[in-house]
$ cat final.pdb   # PDB, C-alpha atoms and all ligand atoms
ATOM      1  CA  MET A   1      30.158  10.768  -4.430  1.00  0.00           C
ATOM      2  CA  ARG A   2      28.683   9.138  -7.484  1.00  0.00           C
ATOM      3  CA  LEU A   3      26.035  10.825  -9.557  1.00  0.00           C
ATOM      4  CA  LEU A   4      22.809   8.881  -9.683  1.00  0.00           C
ATOM      5  CA  THR A   5      20.700   8.196 -12.716  1.00  0.00           C
ATOM      6  CA  CYS A   6      16.985   8.928 -12.374  1.00  0.00           C
ATOM      7  CA  LYS A   7      16.296   5.217 -12.265  1.00  0.00           C
ATOM      8  CA  GLU A   8      18.680   4.803  -9.344  1.00  0.00           C
ATOM      9  CA  ALA A   9      17.379   7.907  -7.626  1.00  0.00           C
ATOM     10  CA  THR A  10      13.747   6.731  -7.728  1.00  0.00           C
ATOM     11  CA  ARG A  11      14.858   3.343  -6.343  1.00  0.00           C
ATOM     12  CA  LEU A  12      16.705   4.973  -3.480  1.00  0.00           C
ATOM     13  CA  ALA A  13      13.777   7.276  -2.770  1.00  0.00           C
ATOM     14  CA  SER A  14      11.561   4.213  -2.480  1.00  0.00           C
ATOM     15  CA  GLN A  15      14.036   2.326  -0.298  1.00  0.00           C
ATOM     16  CA  GLY A  16      14.324   5.346   1.950  1.00  0.00           C
ATOM     17  CA  LEU A  17      10.739   4.589   2.984  1.00  0.00           C
ATOM     18  CA  ASP A  18      11.669   1.030   3.962  1.00  0.00           C
ATOM     19  CA  ARG A  19      15.178   1.148   5.413  1.00  0.00           C
ATOM     20  CA  LYS A  20      17.622   3.621   6.765  1.00  0.00           C
ATOM     21  CA  LEU A  21      19.791   4.794   3.886  1.00  0.00           C
ATOM     22  CA  GLY A  22      23.539   5.032   4.374  1.00  0.00           C
ATOM     23  CA  PHE A  23      25.182   8.417   4.598  1.00  0.00           C
ATOM     24  CA  GLY A  24      26.518   8.266   1.046  1.00  0.00           C
ATOM     25  CA  GLU A  25      23.158   7.143  -0.300  1.00  0.00           C
ATOM     26  CA  ARG A  26      21.327   9.964   1.454  1.00  0.00           C
ATOM     27  CA  LEU A  27      23.801  12.519   0.171  1.00  0.00           C
ATOM     28  CA  SER A  28      23.678  11.253  -3.421  1.00  0.00           C
ATOM     29  CA  LEU A  29      19.915  11.216  -3.307  1.00  0.00           C
ATOM     30  CA  ARG A  30      19.637  14.691  -1.850  1.00  0.00           C
ATOM     31  CA  VAL A  31      21.957  16.106  -4.483  1.00  0.00           C
ATOM     32  CA  HIS A  32      20.014  14.413  -7.262  1.00  0.00           C
ATOM     33  CA  LEU A  33      16.617  15.545  -5.977  1.00  0.00           C
ATOM     34  CA  ALA A  34      17.874  19.113  -5.708  1.00  0.00           C
ATOM     35  CA  VAL A  35      18.567  19.267  -9.429  1.00  0.00           C
ATOM     36  CA  CYS A  36      16.002  16.848 -10.850  1.00  0.00           C
ATOM     37  CA  GLY A  37      12.380  17.941 -10.734  1.00  0.00           C
ATOM     38  CA  GLY A  38      11.084  14.628 -12.096  1.00  0.00           C
ATOM     39  CA  CYS A  39      12.656  12.555  -9.336  1.00  0.00           C
ATOM     40  CA  ALA A  40      11.733  15.118  -6.695  1.00  0.00           C
ATOM     41  CA  ALA A  41       8.099  14.820  -7.832  1.00  0.00           C
ATOM     42  CA  VAL A  42       8.243  11.027  -7.674  1.00  0.00           C
ATOM     43  CA  ALA A  43       9.803  11.080  -4.202  1.00  0.00           C
ATOM     44  CA  ARG A  44       7.003  13.340  -2.978  1.00  0.00           C
ATOM     45  CA  ASP A  45       4.377  11.171  -4.641  1.00  0.00           C
ATOM     46  CA  MET A  46       5.739   8.050  -2.960  1.00  0.00           C
ATOM     47  CA  ALA A  47       5.446   9.683   0.446  1.00  0.00           C
ATOM     48  CA  PHE A  48       1.951  10.820  -0.478  1.00  0.00           C
ATOM     49  CA  LEU A  49       1.020   7.256  -1.462  1.00  0.00           C
ATOM     50  CA  ARG A  50       2.007   6.074   1.997  1.00  0.00           C
ATOM     51  CA  LYS A  51      -0.320   8.651   3.536  1.00  0.00           C
ATOM     52  CA  ALA A  52      -3.147   7.748   1.153  1.00  0.00           C
ATOM     53  CA  ILE A  53      -2.840   3.994   1.727  1.00  0.00           C
ATOM     54  CA  ALA A  54      -2.891   4.514   5.481  1.00  0.00           C
ATOM     55  CA  LYS A  55      -6.251   6.222   5.072  1.00  0.00           C
ATOM     56  CA  LEU A  56      -7.629   3.632   2.707  1.00  0.00           C
ATOM     57  CA  GLY A  57     -10.755   2.158   4.190  1.00  0.00           C
ATOM     58  CA  GLU A  58     -10.888   4.627   7.043  1.00  0.00           C
ATOM     59  CA  ASN A  59     -12.962   7.405   5.605  1.00  0.00           C
ATOM     60  CA  THR A  60     -13.701   6.065   2.173  1.00  0.00           C
ATOM     61  CA  HIS A  61     -16.906   4.164   2.455  1.00  0.00           C
ATOM     62  CA  ALA A  62     -18.561   5.918   5.333  1.00  0.00           C
ATOM     63  CA  PRO A  63     -22.286   5.314   5.061  1.00  0.00           C
TER      64      PRO A  63
ATOM     65  CA  MET B  64     -26.242  -7.036  24.406  1.00  0.00           C
ATOM     66  CA  ASP B  65     -28.605  -7.243  21.418  1.00  0.00           C
ATOM     67  CA  ASP B  66     -27.677  -3.660  20.581  1.00  0.00           C
ATOM     68  CA  PHE B  67     -24.068  -4.687  20.531  1.00  0.00           C
ATOM     69  CA  ARG B  68     -24.813  -7.671  18.320  1.00  0.00           C
ATOM     70  CA  SER B  69     -26.790  -5.654  15.794  1.00  0.00           C
ATOM     71  CA  GLY B  70     -24.242  -2.838  15.920  1.00  0.00           C
ATOM     72  CA  VAL B  71     -21.492  -5.299  15.048  1.00  0.00           C
ATOM     73  CA  GLU B  72     -23.591  -6.901  12.342  1.00  0.00           C
ATOM     74  CA  GLN B  73     -24.262  -3.486  10.766  1.00  0.00           C
ATOM     75  CA  GLN B  74     -20.545  -3.069  10.129  1.00  0.00           C
ATOM     76  CA  ARG B  75     -20.368  -6.225   8.020  1.00  0.00           C
ATOM     77  CA  PRO B  76     -20.691  -4.553   4.564  1.00  0.00           C
ATOM     78  CA  TYR B  77     -18.069  -1.970   5.436  1.00  0.00           C
ATOM     79  CA  LEU B  78     -15.668  -4.611   6.756  1.00  0.00           C
ATOM     80  CA  LEU B  79     -16.242  -6.801   3.739  1.00  0.00           C
ATOM     81  CA  ARG B  80     -15.285  -4.027   1.333  1.00  0.00           C
ATOM     82  CA  TYR B  81     -12.272  -3.225   3.419  1.00  0.00           C
ATOM     83  CA  ALA B  82     -11.102  -6.841   3.453  1.00  0.00           C
ATOM     84  CA  SER B  83     -11.819  -7.287  -0.266  1.00  0.00           C
ATOM     85  CA  VAL B  84      -9.529  -4.412  -1.159  1.00  0.00           C
ATOM     86  CA  GLN B  85      -6.747  -5.818   1.002  1.00  0.00           C
ATOM     87  CA  LEU B  86      -7.074  -9.484   0.117  1.00  0.00           C
ATOM     88  CA  ARG B  87      -8.369  -9.185  -3.461  1.00  0.00           C
ATOM     89  CA  ASP B  88     -10.262 -12.392  -2.967  1.00  0.00           C
ATOM     90  CA  ARG B  89     -13.931 -12.378  -2.084  1.00  0.00           C
ATOM     91  CA  ASP B  90     -13.914 -15.750  -0.302  1.00  0.00           C
ATOM     92  CA  ALA B  91     -10.870 -14.901   1.770  1.00  0.00           C
ATOM     93  CA  ALA B  92     -12.424 -11.534   2.597  1.00  0.00           C
ATOM     94  CA  GLU B  93     -15.641 -13.161   3.784  1.00  0.00           C
ATOM     95  CA  ASP B  94     -13.667 -15.590   5.938  1.00  0.00           C
ATOM     96  CA  ALA B  95     -11.662 -12.779   7.517  1.00  0.00           C
ATOM     97  CA  VAL B  96     -14.800 -10.742   8.225  1.00  0.00           C
ATOM     98  CA  GLN B  97     -16.623 -13.747   9.648  1.00  0.00           C
ATOM     99  CA  GLU B  98     -13.693 -14.468  11.969  1.00  0.00           C
ATOM    100  CA  THR B  99     -13.654 -10.818  13.003  1.00  0.00           C
ATOM    101  CA  LEU B 100     -17.372 -10.709  13.812  1.00  0.00           C
ATOM    102  CA  LEU B 101     -17.194 -13.976  15.740  1.00  0.00           C
ATOM    103  CA  ALA B 102     -14.211 -12.752  17.728  1.00  0.00           C
ATOM    104  CA  ALA B 103     -16.013  -9.493  18.499  1.00  0.00           C
ATOM    105  CA  LEU B 104     -19.255 -11.165  19.546  1.00  0.00           C
ATOM    106  CA  ALA B 105     -17.394 -13.690  21.670  1.00  0.00           C
ATOM    107  CA  ASN B 106     -15.792 -10.946  23.681  1.00  0.00           C
ATOM    108  CA  PRO B 107     -17.956  -7.824  23.885  1.00  0.00           C
ATOM    109  CA  ALA B 108     -16.207  -6.797  27.084  1.00  0.00           C
ATOM    110  CA  ALA B 109     -13.071  -6.135  25.029  1.00  0.00           C
ATOM    111  CA  PHE B 110     -14.892  -3.277  23.302  1.00  0.00           C
ATOM    112  CA  GLY B 111     -15.380  -1.778  26.734  1.00  0.00           C
ATOM    113  CA  GLY B 112     -15.298   1.973  26.793  1.00  0.00           C
ATOM    114  CA  ARG B 113     -13.880   2.468  23.322  1.00  0.00           C
ATOM    115  CA  SER B 114     -15.685   5.130  21.412  1.00  0.00           C
ATOM    116  CA  ASN B 115     -15.935   3.745  17.925  1.00  0.00           C
ATOM    117  CA  LEU B 116     -17.187   0.294  17.061  1.00  0.00           C
ATOM    118  CA  ARG B 117     -16.030   0.472  13.446  1.00  0.00           C
ATOM    119  CA  THR B 118     -12.489   1.441  14.398  1.00  0.00           C
ATOM    120  CA  TRP B 119     -12.357  -1.347  16.943  1.00  0.00           C
ATOM    121  CA  LEU B 120     -13.642  -3.948  14.466  1.00  0.00           C
ATOM    122  CA  THR B 121     -11.289  -2.707  11.761  1.00  0.00           C
ATOM    123  CA  GLY B 122      -8.397  -3.205  14.188  1.00  0.00           C
ATOM    124  CA  ILE B 123      -9.407  -6.833  14.717  1.00  0.00           C
ATOM    125  CA  LEU B 124      -9.924  -7.283  10.985  1.00  0.00           C
ATOM    126  CA  LYS B 125      -6.399  -6.031  10.210  1.00  0.00           C
ATOM    127  CA  HIS B 126      -4.970  -8.853  12.314  1.00  0.00           C
ATOM    128  CA  LYS B 127      -7.168 -11.398  10.538  1.00  0.00           C
ATOM    129  CA  ILE B 128      -6.033 -10.010   7.173  1.00  0.00           C
ATOM    130  CA  VAL B 129      -2.376 -10.323   8.136  1.00  0.00           C
ATOM    131  CA  ASP B 130      -3.050 -13.937   9.162  1.00  0.00           C
ATOM    132  CA  HIS B 131      -4.646 -14.624   5.793  1.00  0.00           C
ATOM    133  CA  LEU B 132      -1.792 -13.001   3.877  1.00  0.00           C
ATOM    134  CA  ARG B 133       0.700 -15.084   5.827  1.00  0.00           C
ATOM    135  CA  ARG B 134      -1.186 -18.271   5.155  1.00  0.00           C
ATOM    136  CA  ALA B 135      -1.539 -17.356   1.484  1.00  0.00           C
ATOM    137  CA  GLY B 136       2.179 -16.572   1.332  1.00  0.00           C
ATOM    138  CA  ARG B 137       3.018 -19.997   2.674  1.00  0.00           C
ATOM    139  CA  GLU B 138       0.541 -21.873   0.501  1.00  0.00           C
ATOM    140  CA  SER B 139       1.279 -20.146  -2.785  1.00  0.00           C
ATOM    141  CA  PRO B 140       4.704 -18.537  -2.794  1.00  0.00           C
ATOM    142  CA  LEU B 141       3.727 -16.691  -5.985  1.00  0.00           C
ATOM    143  CA  ALA B 142       6.752 -17.479  -8.042  1.00  0.00           C
ATOM    144  CA  GLY B 143       7.144 -16.203 -11.570  1.00  0.00           C
ATOM    145  CA  GLU B 144       6.500 -12.559 -10.966  1.00  0.00           C
ATOM    146  CA  GLU B 145      10.179 -11.798 -11.197  1.00  0.00           C
ATOM    147  CA  ASP B 146      10.289 -10.593 -14.737  1.00  0.00           C
ATOM    148  CA  THR B 147       7.673  -7.891 -14.707  1.00  0.00           C
ATOM    149  CA  ASP B 148       9.031  -4.709 -16.152  1.00  0.00           C
ATOM    150  CA  ASP B 149      11.239  -2.416 -14.191  1.00  0.00           C
ATOM    151  CA  PHE B 150       9.865   0.714 -15.784  1.00  0.00           C
ATOM    152  CA  ASP B 151      12.649   0.729 -18.353  1.00  0.00           C
ATOM    153  CA  ALA B 152      10.287   2.427 -20.759  1.00  0.00           C
ATOM    154  CA  LEU B 153      10.209   5.473 -18.506  1.00  0.00           C
ATOM    155  CA  PHE B 154      13.960   5.992 -18.741  1.00  0.00           C
ATOM    156  CA  ASP B 155      16.356   6.480 -21.606  1.00  0.00           C
ATOM    157  CA  ALA B 156      19.530   4.455 -22.150  1.00  0.00           C
ATOM    158  CA  ARG B 157      21.414   6.648 -19.682  1.00  0.00           C
ATOM    159  CA  GLY B 158      18.811   6.035 -16.982  1.00  0.00           C
ATOM    160  CA  HIS B 159      17.238   9.489 -17.154  1.00  0.00           C
ATOM    161  CA  TRP B 160      13.585  10.348 -17.619  1.00  0.00           C
ATOM    162  CA  ARG B 161      12.268  10.277 -21.151  1.00  0.00           C
ATOM    163  CA  ASP B 162       9.370  12.366 -19.987  1.00  0.00           C
ATOM    164  CA  ALA B 163       9.947  13.764 -16.522  1.00  0.00           C
ATOM    165  CA  PRO B 164       7.000  13.535 -14.121  1.00  0.00           C
ATOM    166  CA  VAL B 165       5.538  16.793 -12.902  1.00  0.00           C
ATOM    167  CA  ALA B 166       4.457  17.340  -9.320  1.00  0.00           C
ATOM    168  CA  TRP B 167       0.834  16.607  -8.524  1.00  0.00           C
ATOM    169  CA  ALA B 168      -1.119  19.707  -7.690  1.00  0.00           C
ATOM    170  CA  ASP B 169      -2.389  19.716  -4.109  1.00  0.00           C
ATOM    171  CA  PRO B 170      -2.545  15.911  -3.673  1.00  0.00           C
ATOM    172  CA  ASP B 171      -3.711  16.252  -0.060  1.00  0.00           C
ATOM    173  CA  ALA B 172      -7.024  17.641  -1.286  1.00  0.00           C
ATOM    174  CA  SER B 173      -7.638  14.252  -2.913  1.00  0.00           C
ATOM    175  CA  LEU B 174      -7.541  12.590   0.494  1.00  0.00           C
ATOM    176  CA  GLU B 175     -10.887  14.234   1.186  1.00  0.00           C
ATOM    177  CA  GLN B 176     -12.513  12.766  -1.898  1.00  0.00           C
ATOM    178  CA  ARG B 177     -14.179   9.380  -1.960  1.00  0.00           C
ATOM    179  CA  GLN B 178     -13.633   9.064  -5.704  1.00  0.00           C
ATOM    180  CA  PHE B 179      -9.902   9.331  -5.140  1.00  0.00           C
ATOM    181  CA  PHE B 180      -9.935   6.248  -2.950  1.00  0.00           C
ATOM    182  CA  ALA B 181     -12.023   4.408  -5.523  1.00  0.00           C
ATOM    183  CA  ALA B 182      -9.334   5.238  -8.113  1.00  0.00           C
ATOM    184  CA  LEU B 183      -6.636   4.103  -5.691  1.00  0.00           C
ATOM    185  CA  GLU B 184      -8.429   0.798  -5.129  1.00  0.00           C
ATOM    186  CA  ASP B 185      -8.689   0.267  -8.878  1.00  0.00           C
ATOM    187  CA  CYS B 186      -4.981   0.942  -9.252  1.00  0.00           C
ATOM    188  CA  LEU B 187      -4.159  -1.484  -6.433  1.00  0.00           C
ATOM    189  CA  ALA B 188      -6.251  -4.130  -8.154  1.00  0.00           C
ATOM    190  CA  ARG B 189      -4.071  -3.809 -11.267  1.00  0.00           C
ATOM    191  CA  LEU B 190      -0.863  -4.678  -9.439  1.00  0.00           C
ATOM    192  CA  PRO B 191       0.477  -8.222  -9.773  1.00  0.00           C
ATOM    193  CA  ALA B 192      -0.507 -10.312  -6.736  1.00  0.00           C
ATOM    194  CA  LYS B 193       2.851 -10.595  -5.020  1.00  0.00           C
ATOM    195  CA  THR B 194       3.648  -6.939  -5.553  1.00  0.00           C
ATOM    196  CA  ALA B 195       0.285  -5.940  -4.115  1.00  0.00           C
ATOM    197  CA  ARG B 196       0.597  -8.279  -1.171  1.00  0.00           C
ATOM    198  CA  THR B 197       4.053  -6.958  -0.292  1.00  0.00           C
ATOM    199  CA  PHE B 198       2.979  -3.362  -0.673  1.00  0.00           C
ATOM    200  CA  LEU B 199      -0.168  -3.700   1.423  1.00  0.00           C
ATOM    201  CA  MET B 200       1.652  -5.572   4.189  1.00  0.00           C
ATOM    202  CA  ARG B 201       4.171  -2.767   4.271  1.00  0.00           C
ATOM    203  CA  GLU B 202       2.050   0.334   3.816  1.00  0.00           C
ATOM    204  CA  HIS B 203      -1.355  -0.558   5.093  1.00  0.00           C
ATOM    205  CA  LEU B 204      -0.688  -3.102   7.768  1.00  0.00           C
ATOM    206  CA  GLY B 205       2.574  -1.470   8.795  1.00  0.00           C
ATOM    207  CA  CYS B 206       4.718  -4.618   8.742  1.00  0.00           C
ATOM    208  CA  GLY B 207       8.498  -4.154   8.678  1.00  0.00           C
ATOM    209  CA  THR B 208      10.380  -5.358   5.624  1.00  0.00           C
ATOM    210  CA  ASP B 209      12.086  -8.058   7.742  1.00  0.00           C
ATOM    211  CA  GLU B 210       8.737  -9.502   8.637  1.00  0.00           C
ATOM    212  CA  ILE B 211       7.447  -9.343   5.063  1.00  0.00           C
ATOM    213  CA  CYS B 212      10.584 -11.018   3.706  1.00  0.00           C
ATOM    214  CA  LYS B 213      10.187 -13.838   6.160  1.00  0.00           C
ATOM    215  CA  GLU B 214       6.484 -14.313   5.548  1.00  0.00           C
ATOM    216  CA  LEU B 215       6.730 -14.176   1.770  1.00  0.00           C
ATOM    217  CA  GLY B 216      10.030 -16.003   1.559  1.00  0.00           C
ATOM    218  CA  VAL B 217      11.888 -13.312  -0.390  1.00  0.00           C
ATOM    219  CA  THR B 218      15.208 -11.577   0.219  1.00  0.00           C
ATOM    220  CA  PRO B 219      15.223  -7.993   1.536  1.00  0.00           C
ATOM    221  CA  THR B 220      16.584  -6.827  -1.808  1.00  0.00           C
ATOM    222  CA  HIS B 221      13.729  -8.450  -3.641  1.00  0.00           C
ATOM    223  CA  CYS B 222      11.287  -7.032  -1.143  1.00  0.00           C
ATOM    224  CA  TRP B 223      12.560  -3.512  -1.884  1.00  0.00           C
ATOM    225  CA  VAL B 224      12.271  -4.184  -5.599  1.00  0.00           C
ATOM    226  CA  LEU B 225       8.647  -5.233  -5.167  1.00  0.00           C
ATOM    227  CA  LEU B 226       7.874  -2.158  -3.073  1.00  0.00           C
ATOM    228  CA  TYR B 227       9.552   0.049  -5.667  1.00  0.00           C
ATOM    229  CA  ARG B 228       7.505  -1.529  -8.440  1.00  0.00           C
ATOM    230  CA  ALA B 229       4.306  -1.091  -6.471  1.00  0.00           C
ATOM    231  CA  ARG B 230       4.980   2.587  -5.822  1.00  0.00           C
ATOM    232  CA  MET B 231       6.023   3.329  -9.388  1.00  0.00           C
ATOM    233  CA  ALA B 232       3.061   1.453 -10.851  1.00  0.00           C
ATOM    234  CA  LEU B 233       0.574   3.116  -8.491  1.00  0.00           C
ATOM    235  CA  ARG B 234       2.076   6.499  -9.288  1.00  0.00           C
ATOM    236  CA  GLU B 235       1.733   5.903 -13.007  1.00  0.00           C
ATOM    237  CA  CYS B 236      -1.789   4.587 -12.588  1.00  0.00           C
ATOM    238  CA  LEU B 237      -2.943   7.510 -10.448  1.00  0.00           C
ATOM    239  CA  GLN B 238      -1.286   9.909 -12.850  1.00  0.00           C
ATOM    240  CA  THR B 239      -3.333   8.437 -15.689  1.00  0.00           C
ATOM    241  CA  HIS B 240      -6.613   7.881 -13.892  1.00  0.00           C
ATOM    242  CA  TRP B 241      -6.740  10.644 -11.344  1.00  0.00           C
ATOM    243  CA  PHE B 242      -4.191  13.439 -11.279  1.00  0.00           C
ATOM    244  CA  GLY B 243      -3.735  13.722 -15.016  1.00  0.00           C
ATOM    245  CA  ARG B 244      -7.406  13.712 -15.939  1.00  0.00           C
TER     246      ARG B 244
HETATM  247 ZN    ZN C   1      16.218  12.298 -11.660  1.00  0.00          ZN
END

$ encode --input "final.pdb" --output "structure tokens"
Amino acid sequence: MRLLTCKEATRLASQGLDRKLGFGERLSLRVHLAVCGGCAAVARDMAFLRKAIAKLGENTHAP
Amino acid sequence: MDDFRSGVEQQRPYLLRYASVQLRDRDAAEDAVQETLLAALANPAAFGGRSNLRTWLTGILKHKIVDHLRRAGRESPLAGEEDTDDFDALFDARGHWRDAPVAWADPDASLEQRQFFAALEDCLARLPAKTARTFLMREHLGCGTDEICKELGVTPTHCWVLLYRARMALRECLQTHWFGR
């Protein structure tokens, strides 16, 4: 298993929201996120963004 | 019947804001809303027993917005957005954070705040057009990447790059204008 840079890890975290990652990719990502707080925060924020965008327009401009 | 008509008409300002955020083009937004209202008024029976007029109209509007994005994708393929930065400034030469992000405190609480969504809309408006279009088709309209690639004429790899850029840019923007205040 190859060690990821933070740049690669954030890319994979993003792609994980759009396609099924391969086994090796998932493993590398999980290992990186376990030791890197910055990337773990970004991965969480990306998932949060998805939730926020889904709500955009739903409860925002209620009269 | 007149109640239905005026009820539908009352939703126009809401729908217009909604479409403006998605399409980032006032004229296109007005077209999409007009089409939505006409479709609704032409077929009131379709509303039937549904409980919420706004939700129903928003559902129709989403389809009209997707149609507009598709048409726009075909008419102006939005070339030349390839070279926008890949957040190199965030990382050092070895690809690690220069300044590691910290977790946002209780982000879910923001979902209850109208001002948060205003900040999110502002951040969306700052994205380059193709990036925003790809991101909104994916995250708001729920299109699969296959579909987006086809509609926008980009490869899956490029599509993922655009989605990555959108997420990173929105994260940075919200960090600056909302979570880091
Ligand atoms: Zn990292």

$ resolve_selection --input "final.pdb" --expression "the PyMOL selection byres (((not hetatm)) within 12 of (chain C and resi 1))" --output "PDB file with C-alpha atoms, in the frame of the given file"
ATOM      1  CA  LEU A   3      26.035  10.825  -9.557  1.00  0.00           C
ATOM      2  CA  LEU A   4      22.809   8.881  -9.683  1.00  0.00           C
ATOM      3  CA  THR A   5      20.700   8.196 -12.716  1.00  0.00           C
ATOM      4  CA  CYS A   6      16.985   8.928 -12.374  1.00  0.00           C
ATOM      5  CA  LYS A   7      16.296   5.217 -12.265  1.00  0.00           C
ATOM      6  CA  GLU A   8      18.680   4.803  -9.344  1.00  0.00           C
ATOM      7  CA  ALA A   9      17.379   7.907  -7.626  1.00  0.00           C
ATOM      8  CA  THR A  10      13.747   6.731  -7.728  1.00  0.00           C
ATOM      9  CA  ARG A  11      14.858   3.343  -6.343  1.00  0.00           C
ATOM     10  CA  LEU A  12      16.705   4.973  -3.480  1.00  0.00           C
ATOM     11  CA  ALA A  13      13.777   7.276  -2.770  1.00  0.00           C
ATOM     12  CA  SER A  28      23.678  11.253  -3.421  1.00  0.00           C
ATOM     13  CA  LEU A  29      19.915  11.216  -3.307  1.00  0.00           C
ATOM     14  CA  ARG A  30      19.637  14.691  -1.850  1.00  0.00           C
ATOM     15  CA  VAL A  31      21.957  16.106  -4.483  1.00  0.00           C
ATOM     16  CA  HIS A  32      20.014  14.413  -7.262  1.00  0.00           C
ATOM     17  CA  LEU A  33      16.617  15.545  -5.977  1.00  0.00           C
ATOM     18  CA  ALA A  34      17.874  19.113  -5.708  1.00  0.00           C
ATOM     19  CA  VAL A  35      18.567  19.267  -9.429  1.00  0.00           C
ATOM     20  CA  CYS A  36      16.002  16.848 -10.850  1.00  0.00           C
ATOM     21  CA  GLY A  37      12.380  17.941 -10.734  1.00  0.00           C
ATOM     22  CA  GLY A  38      11.084  14.628 -12.096  1.00  0.00           C
ATOM     23  CA  CYS A  39      12.656  12.555  -9.336  1.00  0.00           C
ATOM     24  CA  ALA A  40      11.733  15.118  -6.695  1.00  0.00           C
ATOM     25  CA  ALA A  41       8.099  14.820  -7.832  1.00  0.00           C
ATOM     26  CA  VAL A  42       8.243  11.027  -7.674  1.00  0.00           C
ATOM     27  CA  ALA A  43       9.803  11.080  -4.202  1.00  0.00           C
TER      28      ALA A  43
ATOM     29  CA  LEU B 153      10.209   5.473 -18.506  1.00  0.00           C
ATOM     30  CA  PHE B 154      13.960   5.992 -18.741  1.00  0.00           C
ATOM     31  CA  ASP B 155      16.356   6.480 -21.606  1.00  0.00           C
ATOM     32  CA  ARG B 157      21.414   6.648 -19.682  1.00  0.00           C
ATOM     33  CA  GLY B 158      18.811   6.035 -16.982  1.00  0.00           C
ATOM     34  CA  HIS B 159      17.238   9.489 -17.154  1.00  0.00           C
ATOM     35  CA  TRP B 160      13.585  10.348 -17.619  1.00  0.00           C
ATOM     36  CA  ARG B 161      12.268  10.277 -21.151  1.00  0.00           C
ATOM     37  CA  ASP B 162       9.370  12.366 -19.987  1.00  0.00           C
ATOM     38  CA  ALA B 163       9.947  13.764 -16.522  1.00  0.00           C
ATOM     39  CA  PRO B 164       7.000  13.535 -14.121  1.00  0.00           C
ATOM     40  CA  VAL B 165       5.538  16.793 -12.902  1.00  0.00           C
TER      41      VAL B 165
END

$ closest_atom_pairs --input "final.pdb" --of "chain B" --to "chain A" --cutoff "9 Å" --atoms "all atoms listed in the file" --output "Markdown table"
| residue | atom | partner | partner_atom | distance |
| --- | --- | --- | --- | --- |
| B:Tyr77 | CA | A:His61 | CA | 6.9 |
| B:Leu78 | CA | A:Gly57 | CA | 8.7 |
| B:Arg80 | CA | A:Gly57 | CA | 8.2 |
| B:Tyr81 | CA | A:Gly57 | CA | 5.6 |
| B:Val84 | CA | A:Gly57 | CA | 8.6 |
| B:Thr118 | CA | A:Glu58 | CA | 8.2 |
| B:Thr121 | CA | A:Glu58 | CA | 8.7 |
| B:Phe150 | CA | A:Lys7 | CA | 8.6 |
| B:Asp151 | CA | A:Lys7 | CA | 8.4 |
| B:Leu153 | CA | A:Lys7 | CA | 8.7 |
| B:Phe154 | CA | A:Lys7 | CA | 6.9 |
| B:Arg157 | CA | A:Thr5 | CA | 7.2 |
| B:Gly158 | CA | A:Thr5 | CA | 5.1 |
| B:His159 | CA | A:Cys6 | CA | 4.8 |
| B:Trp160 | CA | A:Cys6 | CA | 6.4 |
| B:Asp162 | CA | A:Gly38 | CA | 8.4 |
| B:Ala163 | CA | A:Gly38 | CA | 4.7 |
| B:Pro164 | CA | A:Gly38 | CA | 4.7 |
| B:Val165 | CA | A:Gly38 | CA | 6.0 |
| B:Ala166 | CA | A:Ala41 | CA | 4.7 |
| B:Trp167 | CA | A:Ala41 | CA | 7.5 |
| B:Pro170 | CA | A:Phe48 | CA | 7.5 |
| B:Asp171 | CA | A:Phe48 | CA | 7.9 |
| B:Ser173 | CA | A:Ala52 | CA | 8.9 |
| B:Leu174 | CA | A:Ala52 | CA | 6.6 |
| B:Glu175 | CA | A:Asn59 | CA | 8.4 |
| B:Gln176 | CA | A:Thr60 | CA | 7.9 |
| B:Arg177 | CA | A:Thr60 | CA | 5.3 |
| B:Gln178 | CA | A:Thr60 | CA | 8.4 |
| B:Phe179 | CA | A:Thr60 | CA | 8.9 |
| B:Phe180 | CA | A:Thr60 | CA | 6.4 |
| B:Ala181 | CA | A:Thr60 | CA | 8.0 |
| B:Leu183 | CA | A:Ile53 | CA | 8.3 |
| B:Glu184 | CA | A:Leu56 | CA | 8.4 |
| B:Leu199 | CA | A:Ile53 | CA | 8.2 |
| B:Arg201 | CA | A:Asp18 | CA | 8.4 |
| B:Glu202 | CA | A:Arg50 | CA | 6.0 |
| B:His203 | CA | A:Ala54 | CA | 5.3 |
| B:Leu204 | CA | A:Ala54 | CA | 8.3 |
| B:Gly205 | CA | A:Ala54 | CA | 8.8 |
| B:Gly207 | CA | A:Asp18 | CA | 7.7 |
| B:Thr208 | CA | A:Asp18 | CA | 6.7 |
| B:Trp223 | CA | A:Gln15 | CA | 6.2 |
| B:Val224 | CA | A:Arg11 | CA | 8.0 |
| B:Leu226 | CA | A:Ser14 | CA | 7.4 |
| B:Tyr227 | CA | A:Ser14 | CA | 5.6 |
| B:Arg230 | CA | A:Met46 | CA | 6.2 |
| B:Met231 | CA | A:Met46 | CA | 8.0 |
| B:Leu233 | CA | A:Leu49 | CA | 8.2 |
| B:Arg234 | CA | A:Asp45 | CA | 7.0 |

$ resolve_selection --input "final.pdb" --expression "the PyMOL selection byres (((chain B and resi 83) around 12) and not hetatm)" --output "PyMOL selection string"
(chain A and resi 57) or (chain B and resi 75-82+84-96+124-125+128+131+184-185+187-188)

$ atom_distance --input "final.pdb" --atom1 "atom CA of B:Leu120" --atom2 "atom CA of B:Ala103"
7.3 Å

$ closest_residue --input "final.pdb" --among "B:Phe198, B:Cys206, B:Glu235, B:Cys212" --to "B:Cys186" --atoms "all atoms listed in the file"
B:Glu235
